[in-house]
Amino acid sequence: MSNLELDRIISSYEGKKGVLIPLLQDAQKLEGYLSKEIMRYVAEHSDIRLADIYGVATFYTMFRLKPQGKHIIRVCKGTACHVSDAGALLDSLRDELGLTEGEDTTADGNFTVMEVACLGCCSLAPVIMVDATTYGKLTVNKVAGILKNYK
Amino acid sequence: MSHIRIKVGMASCGVAAGAAEVYQAIQERLAAGGIEAKLEKTGCVGMCSWEPLIEITPPGAETVTYGNVDPKEVAGLLDRVAAGELPREGYTIVPRQETLADQVRIVLRNTGIIDPVSIDDYIAADGYKALAKVLDDMTREAVIDEIKESGLRGRGGAGFPTGLKWQFAYNEQKPKKYVICNADEGDPGAFMDRSVLEGDPHSIIEGMIICAYAIGADEGYLYVRAEYPMAIDHLRKALADAEARGYLGKSIMGSEFNFDLHIKEGAGAFVCGEETALMASIEGERGMPKIRPPFPAQSGLWKYPTNINNVETFANIAWIINNGAAAYNAHGTERSKGTKVFALAGKIKHSGLVEVPMGTPLRDVIYKVGGGMPTEKPFKAVQLGGPSGGCVPASLLDTLVDYDSITKTGAIMGSGGMVVMDTGTCMVDVAKFFLNFTQNESCGKCTFCRVGTKRMLEILERICAGEGRMSDIDTLYDLAENIAKGSLCGLGQTAPNPVLTTLRYFRDEYEAHIRNKRCPAGVCNALVSFTIDADKCVGCTLCARKCPTDAITGEVKKLHVINQELCIKCGACMTACRFGAVIKA
Ligand SMILES: Cc1cc2nc3c(=O)[nH]c(=O)nc-3n(C[C@H](O)[C@H](O)[C@H](O)COP(=O)(O)O)c2cc1C
């Protein structure tokens, strides 16, 4: 981790109010997650307490405390997707990636699977988002084809 | 020189359906030459089930909207249009007039029509005219009176009268005030705000500027969900353009009024849609709701008077100023004026974004505007208001869409999510789904919400697993009452609604799960059995290989059979089967 970059992020928010969330969002971009080291470093080099940093990092789902896969797959679990059998889609996706219970990142570090509340594309249910691309009207069989593009 | 006009719906759901590829195919065909056409992007046309969509208007001719467009057919289509044809045969033609016939578009006046990132398009559609009128001819008091007179009520869920809310903020004598737009749209099944943010960002900004003028604020925030990247992009561009044209910043349109507007991205917490939690989040803290009073109008962001409204609420403002309160309150019922935007989704033929006058019967929204059910499976219920709302059964389809009538059913108007369910949906499972959601999203501050929702969820899980007891129903009612009473914010207060409404209208379904160990809709895995359809099975062996308990036997190219003694009903075989041969009933 380059502390220079963190220093730059910290100083870009100096003297402003309500900065903790955007500061942590920027810091998270460095390694894709907020490591203990990053959180400690921010606390030591700003006037924000470590407890407040950890409190915010654990409150919002956007903050990740573990290393993430190269590609993030967000499976929509909104109402429309739920009634369109998103559950089966998630099961088969996890199966396809060989994830066992409790795991969310593949052993090769290529994919992380997350469930999200609603992506707001309800008319295309069920929907998944891989990185910034949304795929809709999915069936279990289509998922494997989509994953191939990211291998 | 007159051009053919071509518009492509490029909202994020259009893009997800392939609109970007269609747009590119059109660009390529036009670049190849020989066709005089103007290609434009627009926002959500609202007819999501037909995405990707293109609209073609030859000079002097009427517009034809093509749906489910395949990028490969684009070049051929354009050639025929250039030759003076508007072919219908072999293409999906969207019955646009029909779907719009029962709608009144005020909030969605520009969405899907103008190019959302072009301020000139917005201005050409009477944009910023209301702001000019307010600054030139109206006092702050007159603006508030006009909004009061219109009868507009907040569209974020609670339905508080907007003019009155502005009056409270106006009344405060403080050196600093804020205006906040709540664009945290978190209800699963709701995408109205996203469509307006993406499709007509200036209308929201104009509404906020007018509000700031009226209450006397000089700074504001748009708090937008981070899951809406396109909305954030469009707002950024719109803010920069508005500032460059002098609609934002210092001495707006040459007046003495100043207003700065910032975007704040959410970080993923449903409870931050609650206004006090939202402000805590802007201040950089954990988004936990606070006790009211004091209300935001007295002590809001950084303890200054703050007026907070929803996206749709703000999108109404410029229209009301331009057309007058009387034109607005001509629509609607006694106590619910104007229109309401709904996101129609689930088991419905024409899912999409619709705007109907308040007082339209639910039946018309679903059957006339939405085209009814997509398959032979009959209608069972419509879920309104997301996790704070409830399921309205077929017997109440004549309920009018207005705040009071919907509240009487036990559901709420909410933000406008409308998810239609057919007989293939299990209502206990739906209740479980929402409880799982609220339980996850509870911020943990109030014990009843934090622990009570967990207890309710456990009971629902037990019932779905076939291990329910009749006394569980009483316990659910008891918990529901206490959670509603013992929670500080709307999240806990309304969390029991999905359970209460399903118990009220579909109690027999709960009892079938508990007494007969049966899930009538065939959804709850533990209460159904999996079998293999002899006509469909091709003997590919995939299911047998996927089965974790080796319950499936059969030879290659021969019918496979599931041993019910060994089956743990995990559904892996059904998910795996590529021929739809596994039956769950
Ligand atoms: C848990 C919870 C979530 C909410 N989420 C939203 C939301 O996503 N968008 C919104 O506009 N209002 C939401 N609200 C309502 C707001 O607290 C507030 O009433 C609203 O923004 C006021 O705007 P309005 O008067 O224009 O409706 C939520 C309330 C609660 C209790």
# chains A, B, ... in the order shown; residues from 1 in each chain; ligands from 1

call {"tool": "closest_atom_pairs", "arguments": {"of": "chain B", "to": "ligand 1", "cutoff": "8 Å", "atoms": "only C-alpha atoms and all ligand atoms", "output": "tab-separated table"}}
result
residue	atom	partner	partner_atom_place_in_ligand_line	distance
B:Arg153	CA	ligand 1	25 (O)	6.6
B:Gly154	CA	ligand 1	27 (O)	3.2
B:Arg155	CA	ligand 1	27 (O)	4.1
B:Gly156	CA	ligand 1	27 (O)	3.3
B:Gly157	CA	ligand 1	27 (O)	5.4
B:Ala158	CA	ligand 1	19 (O)	5.6
B:Gly159	CA	ligand 1	27 (O)	5.6
B:Phe160	CA	ligand 1	25 (O)	5.2
B:Pro161	CA	ligand 1	25 (O)	7.0
B:Thr162	CA	ligand 1	25 (O)	6.0
B:Lys165	CA	ligand 1	25 (O)	7.5
B:Cys181	CA	ligand 1	21 (O)	7.4
B:Asn182	CA	ligand 1	11 (O)	4.6
B:Ala183	CA	ligand 1	9 (N)	5.7
B:Asp184	CA	ligand 1	8 (O)	4.3
B:Glu185	CA	ligand 1	8 (O)	3.4
B:Gly186	CA	ligand 1	8 (O)	4.6
B:Asp187	CA	ligand 1	8 (O)	6.4
B:Phe270	CA	ligand 1	3 (C)	6.2
B:Val271	CA	ligand 1	1 (C)	4.4
B:Cys272	CA	ligand 1	3 (C)	6.5
B:Gly273	CA	ligand 1	5 (N)	3.3
B:Glu274	CA	ligand 1	17 (O)	3.5
B:Glu275	CA	ligand 1	17 (O)	4.0
B:Thr276	CA	ligand 1	17 (O)	7.1
B:Ile308	CA	ligand 1	23 (O)	5.6
B:Asn309	CA	ligand 1	26 (O)	3.4
B:Asn310	CA	ligand 1	11 (O)	3.7
B:Val311	CA	ligand 1	11 (O)	6.3
B:Glu312	CA	ligand 1	26 (O)	7.3
B:Thr313	CA	ligand 1	26 (O)	4.9
B:Phe314	CA	ligand 1	26 (O)	7.3
B:Ser415	CA	ligand 1	10 (C)	7.0
B:Cys489	CA	ligand 1	31 (C)	5.3
B:Gly490	CA	ligand 1	31 (C)	3.4
B:Leu491	CA	ligand 1	1 (C)	3.9
B:Gly492	CA	ligand 1	1 (C)	7.7

call {"tool": "interface_residues", "arguments": {"of": "chain B", "to": "chain A", "cutoff": "7 Å", "atoms": "only C-alpha atoms", "output": "JSON list (two decimals) with N, CA and C atoms, in the first residue's frame"}}
result
[["chain", "number", "residue", "atom", "x", "y", "z"],
["B", 13, "CYS", "N", -32.13, 0.46, -17.68],
["B", 13, "CYS", "CA", -32.75, -0.83, -17.97],
["B", 13, "CYS", "C", -32.77, -1.08, -19.48],
["B", 16, "ALA", "N", -29.43, -2.36, -20.24],
["B", 16, "ALA", "CA", -29.31, -3.76, -19.81],
["B", 16, "ALA", "C", -29.98, -4.70, -20.81],
["B", 17, "ALA", "N", -31.01, -4.20, -21.50],
["B", 17, "ALA", "CA", -31.71, -5.04, -22.47],
["B", 17, "ALA", "C", -31.02, -5.01, -23.83],
["B", 48, "CYS", "N", -40.94, -0.79, -20.47],
["B", 48, "CYS", "CA", -39.74, -1.58, -20.23],
["B", 48, "CYS", "C", -39.82, -2.96, -20.86],
["B", 49, "SER", "N", -41.02, -3.53, -20.94],
["B", 49, "SER", "CA", -41.10, -4.91, -21.43],
["B", 49, "SER", "C", -40.76, -4.98, -22.91],
["B", 188, "PRO", "N", -37.28, -2.42, -2.57],
["B", 188, "PRO", "CA", -37.12, -3.36, -3.66],
["B", 188, "PRO", "C", -38.40, -3.38, -4.51],
["B", 189, "GLY", "N", -38.25, -3.30, -5.80],
["B", 189, "GLY", "CA", -39.44, -3.30, -6.66],
["B", 189, "GLY", "C", -39.85, -1.90, -7.07],
["B", 190, "ALA", "N", -39.00, -0.91, -6.79],
["B", 190, "ALA", "CA", -39.35, 0.47, -7.14],
["B", 190, "ALA", "C", -38.23, 1.06, -7.99],
["B", 191, "PHE", "N", -38.59, 1.65, -9.12],
["B", 191, "PHE", "CA", -37.55, 2.28, -9.94],
["B", 191, "PHE", "C", -38.05, 3.59, -10.55],
["B", 227, "GLU", "N", -26.08, 2.73, -6.11],
["B", 227, "GLU", "CA", -26.39, 1.68, -7.09],
["B", 227, "GLU", "C", -26.95, 2.27, -8.38],
["B", 267, "ALA", "N", -24.15, 5.05, 0.47],
["B", 267, "ALA", "CA", -23.12, 4.02, 0.58],
["B", 267, "ALA", "C", -23.75, 2.66, 0.84],
["B", 268, "GLY", "N", -25.05, 2.56, 0.54],
["B", 268, "GLY", "CA", -25.67, 1.26, 0.64],
["B", 268, "GLY", "C", -26.22, 0.98, 2.02],
["B", 269, "ALA", "N", -27.34, 1.61, 2.37],
["B", 269, "ALA", "CA", -28.05, 1.29, 3.60],
["B", 269, "ALA", "C", -29.47, 1.77, 3.37],
["B", 282, "ILE", "N", -25.22, 12.20, 5.44],
["B", 282, "ILE", "CA", -24.55, 13.33, 4.78],
["B", 282, "ILE", "C", -23.48, 13.91, 5.71],
["B", 283, "GLU", "N", -23.78, 13.87, 7.01],
["B", 283, "GLU", "CA", -22.81, 14.41, 7.97],
["B", 283, "GLU", "C", -21.64, 13.46, 8.18],
["B", 284, "GLY", "N", -21.69, 12.30, 7.51],
["B", 284, "GLY", "CA", -20.56, 11.37, 7.56],
["B", 284, "GLY", "C", -20.64, 10.36, 8.67],
["B", 285, "GLU", "N", -21.84, 10.20, 9.25],
["B", 285, "GLU", "CA", -21.96, 9.25, 10.35],
["B", 285, "GLU", "C", -22.69, 7.98, 9.92],
["B", 286, "ARG", "N", -22.81, 7.04, 10.86],
["B", 286, "ARG", "CA", -23.68, 5.89, 10.62],
["B", 286, "ARG", "C", -25.09, 6.43, 10.45],
["B", 345, "ALA", "N", -44.19, -4.08, -12.10],
["B", 345, "ALA", "CA", -43.26, -5.18, -12.35],
["B", 345, "ALA", "C", -43.85, -6.48, -11.84],
["B", 346, "GLY", "N", -43.09, -7.53, -11.96],
["B", 346, "GLY", "CA", -43.57, -8.84, -11.53],
["B", 346, "GLY", "C", -44.30, -9.53, -12.66],
["B", 351, "SER", "N", -44.67, -4.58, -18.20],
["B", 351, "SER", "CA", -44.05, -3.96, -17.05],
["B", 351, "SER", "C", -43.47, -2.63, -17.50],
["B", 352, "GLY", "N", -43.36, -1.72, -16.58],
["B", 352, "GLY", "CA", -42.80, -0.43, -16.95],
["B", 352, "GLY", "C", -43.17, 0.65, -15.99],
["B", 419, "VAL", "N", -45.75, -4.60, -7.48],
["B", 419, "VAL", "CA", -45.29, -5.89, -8.00],
["B", 419, "VAL", "C", -46.48, -6.85, -8.04],
["B", 425, "THR", "N", -47.19, -17.67, -6.87],
["B", 425, "THR", "CA", -46.44, -17.01, -5.80],
["B", 425, "THR", "C", -47.03, -17.43, -4.45],
["B", 575, "THR", "N", -32.85, -26.94, -10.86],
["B", 575, "THR", "CA", -31.99, -25.87, -11.35],
["B", 575, "THR", "C", -31.10, -26.38, -12.48]]

call {"tool": "residues_around", "arguments": {"residues": "range 315-324 of chain B", "least_positions_apart": "5", "cutoff": "6 Å", "atoms": "only C-alpha atoms", "output": "JSON, numbers by chain"}}
result
{"B": [107, 130, 203, 204, 207]}

call {"tool": "write_last_selection", "arguments": {"atoms": "N, CA, C and O atoms", "output": "mmCIF file, in the first residue's frame"}}
result
data_model
loop_
_atom_site.group_PDB
_atom_site.id
_atom_site.type_symbol
_atom_site.label_atom_id
_atom_site.label_comp_id
_atom_site.auth_asym_id
_atom_site.auth_seq_id
_atom_site.Cartn_x
_atom_site.Cartn_y
_atom_site.Cartn_z
ATOM 1 N N VAL B 107 -45.189 14.281 -13.989
ATOM 2 C CA VAL B 107 -43.820 14.010 -13.547
ATOM 3 C C VAL B 107 -42.982 13.488 -14.720
ATOM 4 O O VAL B 107 -41.827 13.850 -14.894
ATOM 5 N N ALA B 130 -40.462 28.034 -15.185
ATOM 6 C CA ALA B 130 -41.090 28.211 -13.878
ATOM 7 C C ALA B 130 -40.156 28.983 -12.949
ATOM 8 O O ALA B 130 -40.595 29.850 -12.193
ATOM 9 N N SER B 203 -35.593 18.603 -14.265
ATOM 10 C CA SER B 203 -36.891 18.898 -13.648
ATOM 11 C C SER B 203 -36.789 18.809 -12.127
ATOM 12 O O SER B 203 -37.474 19.543 -11.409
ATOM 13 N N ILE B 204 -35.941 17.917 -11.645
ATOM 14 C CA ILE B 204 -35.761 17.777 -10.197
ATOM 15 C C ILE B 204 -34.961 18.972 -9.670
ATOM 16 O O ILE B 204 -35.296 19.567 -8.647
ATOM 17 N N GLY B 207 -37.097 22.056 -9.522
ATOM 18 C CA GLY B 207 -37.981 21.982 -8.351
ATOM 19 C C GLY B 207 -37.242 22.347 -7.070
ATOM 20 O O GLY B 207 -37.764 23.068 -6.213
#

call {"tool": "select_by_dssp", "arguments": {"residues": "chain A", "states": "strand (DSSP E or B)", "output": "number ranges by chain"}}
result
A: 71-76, 105, 111-116, 128-130, 133-135

call {"tool": "atom_distance", "arguments": {"atom1": "CA of Glu243 in chain B", "atom2": "CA of Glu219 in chain B"}}
result
13.4 Å

call {"tool": "residues_around", "arguments": {"residues": "Asp131 in chain A", "least_positions_apart": "3", "cutoff": "12 Å", "atoms": "only C-alpha atoms", "output": "list in words"}}
result
Gln68, Gly69, Lys70, His71, Ile72, Ile73, Arg74, Val75, Asn110, Phe111, Thr112, Val113, Met114, Ile128, Thr134, Tyr135, Leu147, Asn149 and Tyr150 of chain A; Glu227 and Pro229 of chain B

call {"tool": "residues_around", "arguments": {"residues": "Thr92 in chain B", "least_positions_apart": "6", "cutoff": "7 Å", "atoms": "only C-alpha atoms", "output": "PyMOL selection string"}}
result
chain B and resi 66-68

call {"tool": "write_last_selection", "arguments": {"atoms": "N, CA and C atoms", "output": "mmCIF file, in the first residue's frame"}}
result
data_model
loop_
_atom_site.group_PDB
_atom_site.id
_atom_site.type_symbol
_atom_site.label_atom_id
_atom_site.label_comp_id
_atom_site.auth_asym_id
_atom_site.auth_seq_id
_atom_site.Cartn_x
_atom_site.Cartn_y
_atom_site.Cartn_z
ATOM 1 N N TYR B 66 -40.639 0.946 -32.448
ATOM 2 C CA TYR B 66 -40.285 -0.464 -32.624
ATOM 3 C C TYR B 66 -39.748 -1.008 -31.313
ATOM 4 N N GLY B 67 -40.231 -2.181 -30.925
ATOM 5 C CA GLY B 67 -39.800 -2.781 -29.670
ATOM 6 C C GLY B 67 -39.006 -4.050 -29.889
ATOM 7 N N ASN B 68 -38.366 -4.509 -28.795
ATOM 8 C CA ASN B 68 -37.537 -5.719 -28.826
ATOM 9 C C ASN B 68 -36.638 -5.737 -30.055
#

call {"tool": "decode", "arguments": {"residues": "range 109-125 of chain A", "atoms": "N, CA, C and O atoms", "output": "PDB file, in the first residue's frame"}}
result
ATOM      1  N   GLY A 109      -9.749 -16.042  -7.075  1.00  0.00           N
ATOM      2  CA  GLY A 109      -9.853 -14.590  -6.897  1.00  0.00           C
ATOM      3  C   GLY A 109     -10.472 -13.875  -8.086  1.00  0.00           C
ATOM      4  O   GLY A 109     -10.383 -12.654  -8.195  1.00  0.00           O
ATOM      5  N   ASN A 110     -11.108 -14.605  -8.970  1.00  0.00           N
ATOM      6  CA  ASN A 110     -11.661 -13.946 -10.160  1.00  0.00           C
ATOM      7  C   ASN A 110     -13.031 -13.316  -9.903  1.00  0.00           C
ATOM      8  O   ASN A 110     -13.326 -12.250 -10.423  1.00  0.00           O
ATOM      9  N   PHE A 111     -13.867 -13.996  -9.099  1.00  0.00           N
ATOM     10  CA  PHE A 111     -15.233 -13.498  -8.888  1.00  0.00           C
ATOM     11  C   PHE A 111     -15.586 -13.370  -7.405  1.00  0.00           C
ATOM     12  O   PHE A 111     -15.206 -14.223  -6.606  1.00  0.00           O
ATOM     13  N   THR A 112     -16.345 -12.323  -7.090  1.00  0.00           N
ATOM     14  CA  THR A 112     -17.019 -12.251  -5.794  1.00  0.00           C
ATOM     15  C   THR A 112     -18.511 -12.145  -6.081  1.00  0.00           C
ATOM     16  O   THR A 112     -18.916 -11.358  -6.938  1.00  0.00           O
ATOM     17  N   VAL A 113     -19.296 -12.949  -5.392  1.00  0.00           N
ATOM     18  CA  VAL A 113     -20.744 -12.900  -5.589  1.00  0.00           C
ATOM     19  C   VAL A 113     -21.388 -12.189  -4.403  1.00  0.00           C
ATOM     20  O   VAL A 113     -21.099 -12.500  -3.252  1.00  0.00           O
ATOM     21  N   MET A 114     -22.229 -11.195  -4.700  1.00  0.00           N
ATOM     22  CA  MET A 114     -22.939 -10.489  -3.630  1.00  0.00           C
ATOM     23  C   MET A 114     -24.420 -10.493  -3.950  1.00  0.00           C
ATOM     24  O   MET A 114     -24.797 -10.473  -5.109  1.00  0.00           O
ATOM     25  N   GLU A 115     -25.233 -10.458  -2.911  1.00  0.00           N
ATOM     26  CA  GLU A 115     -26.662 -10.258  -3.128  1.00  0.00           C
ATOM     27  C   GLU A 115     -26.953  -8.786  -2.870  1.00  0.00           C
ATOM     28  O   GLU A 115     -26.438  -8.213  -1.923  1.00  0.00           O
ATOM     29  N   VAL A 116     -27.737  -8.166  -3.725  1.00  0.00           N
ATOM     30  CA  VAL A 116     -28.095  -6.764  -3.486  1.00  0.00           C
ATOM     31  C   VAL A 116     -29.605  -6.613  -3.440  1.00  0.00           C
ATOM     32  O   VAL A 116     -30.344  -7.404  -4.023  1.00  0.00           O
ATOM     33  N   ALA A 117     -30.029  -5.553  -2.747  1.00  0.00           N
ATOM     34  CA  ALA A 117     -31.450  -5.397  -2.462  1.00  0.00           C
ATOM     35  C   ALA A 117     -32.276  -5.206  -3.726  1.00  0.00           C
ATOM     36  O   ALA A 117     -33.250  -5.881  -3.940  1.00  0.00           O
ATOM     37  N   CYS A 118     -31.915  -4.264  -4.581  1.00  0.00           N
ATOM     38  CA  CYS A 118     -32.695  -4.059  -5.795  1.00  0.00           C
ATOM     39  C   CYS A 118     -31.867  -3.205  -6.729  1.00  0.00           C
ATOM     40  O   CYS A 118     -31.357  -2.167  -6.344  1.00  0.00           O
ATOM     41  N   LEU A 119     -31.725  -3.655  -7.948  1.00  0.00           N
ATOM     42  CA  LEU A 119     -30.949  -2.874  -8.915  1.00  0.00           C
ATOM     43  C   LEU A 119     -31.842  -1.919  -9.698  1.00  0.00           C
ATOM     44  O   LEU A 119     -31.377  -1.154 -10.524  1.00  0.00           O
ATOM     45  N   GLY A 120     -33.154  -1.995  -9.462  1.00  0.00           N
ATOM     46  CA  GLY A 120     -34.069  -1.057 -10.116  1.00  0.00           C
ATOM     47  C   GLY A 120     -34.326  -1.358 -11.588  1.00  0.00           C
ATOM     48  O   GLY A 120     -34.736  -0.494 -12.330  1.00  0.00           O
ATOM     49  N   CYS A 121     -34.082  -2.597 -12.009  1.00  0.00           N
ATOM     50  CA  CYS A 121     -34.400  -2.981 -13.398  1.00  0.00           C
ATOM     51  C   CYS A 121     -35.481  -4.052 -13.350  1.00  0.00           C
ATOM     52  O   CYS A 121     -35.375  -5.088 -14.004  1.00  0.00           O
ATOM     53  N   CYS A 122     -36.522  -3.780 -12.581  1.00  0.00           N
ATOM     54  CA  CYS A 122     -37.480  -4.821 -12.213  1.00  0.00           C
ATOM     55  C   CYS A 122     -38.164  -5.468 -13.408  1.00  0.00           C
ATOM     56  O   CYS A 122     -38.577  -6.613 -13.357  1.00  0.00           O
ATOM     57  N   SER A 123     -38.310  -4.698 -14.506  1.00  0.00           N
ATOM     58  CA  SER A 123     -39.031  -5.282 -15.625  1.00  0.00           C
ATOM     59  C   SER A 123     -38.169  -6.286 -16.374  1.00  0.00           C
ATOM     60  O   SER A 123     -38.658  -6.978 -17.248  1.00  0.00           O
ATOM     61  N   LEU A 124     -36.888  -6.359 -16.024  1.00  0.00           N
ATOM     62  CA  LEU A 124     -36.024  -7.333 -16.680  1.00  0.00           C
ATOM     63  C   LEU A 124     -35.724  -8.510 -15.751  1.00  0.00           C
ATOM     64  O   LEU A 124     -34.799  -9.265 -15.973  1.00  0.00           O
ATOM     65  N   ALA A 125     -36.497  -8.640 -14.688  1.00  0.00           N
ATOM     66  CA  ALA A 125     -36.221  -9.658 -13.672  1.00  0.00           C
ATOM     67  C   ALA A 125     -36.205 -11.059 -14.282  1.00  0.00           C
ATOM     68  O   ALA A 125     -36.975 -11.318 -15.201  1.00  0.00           O
TER      69      ALA A 125
END
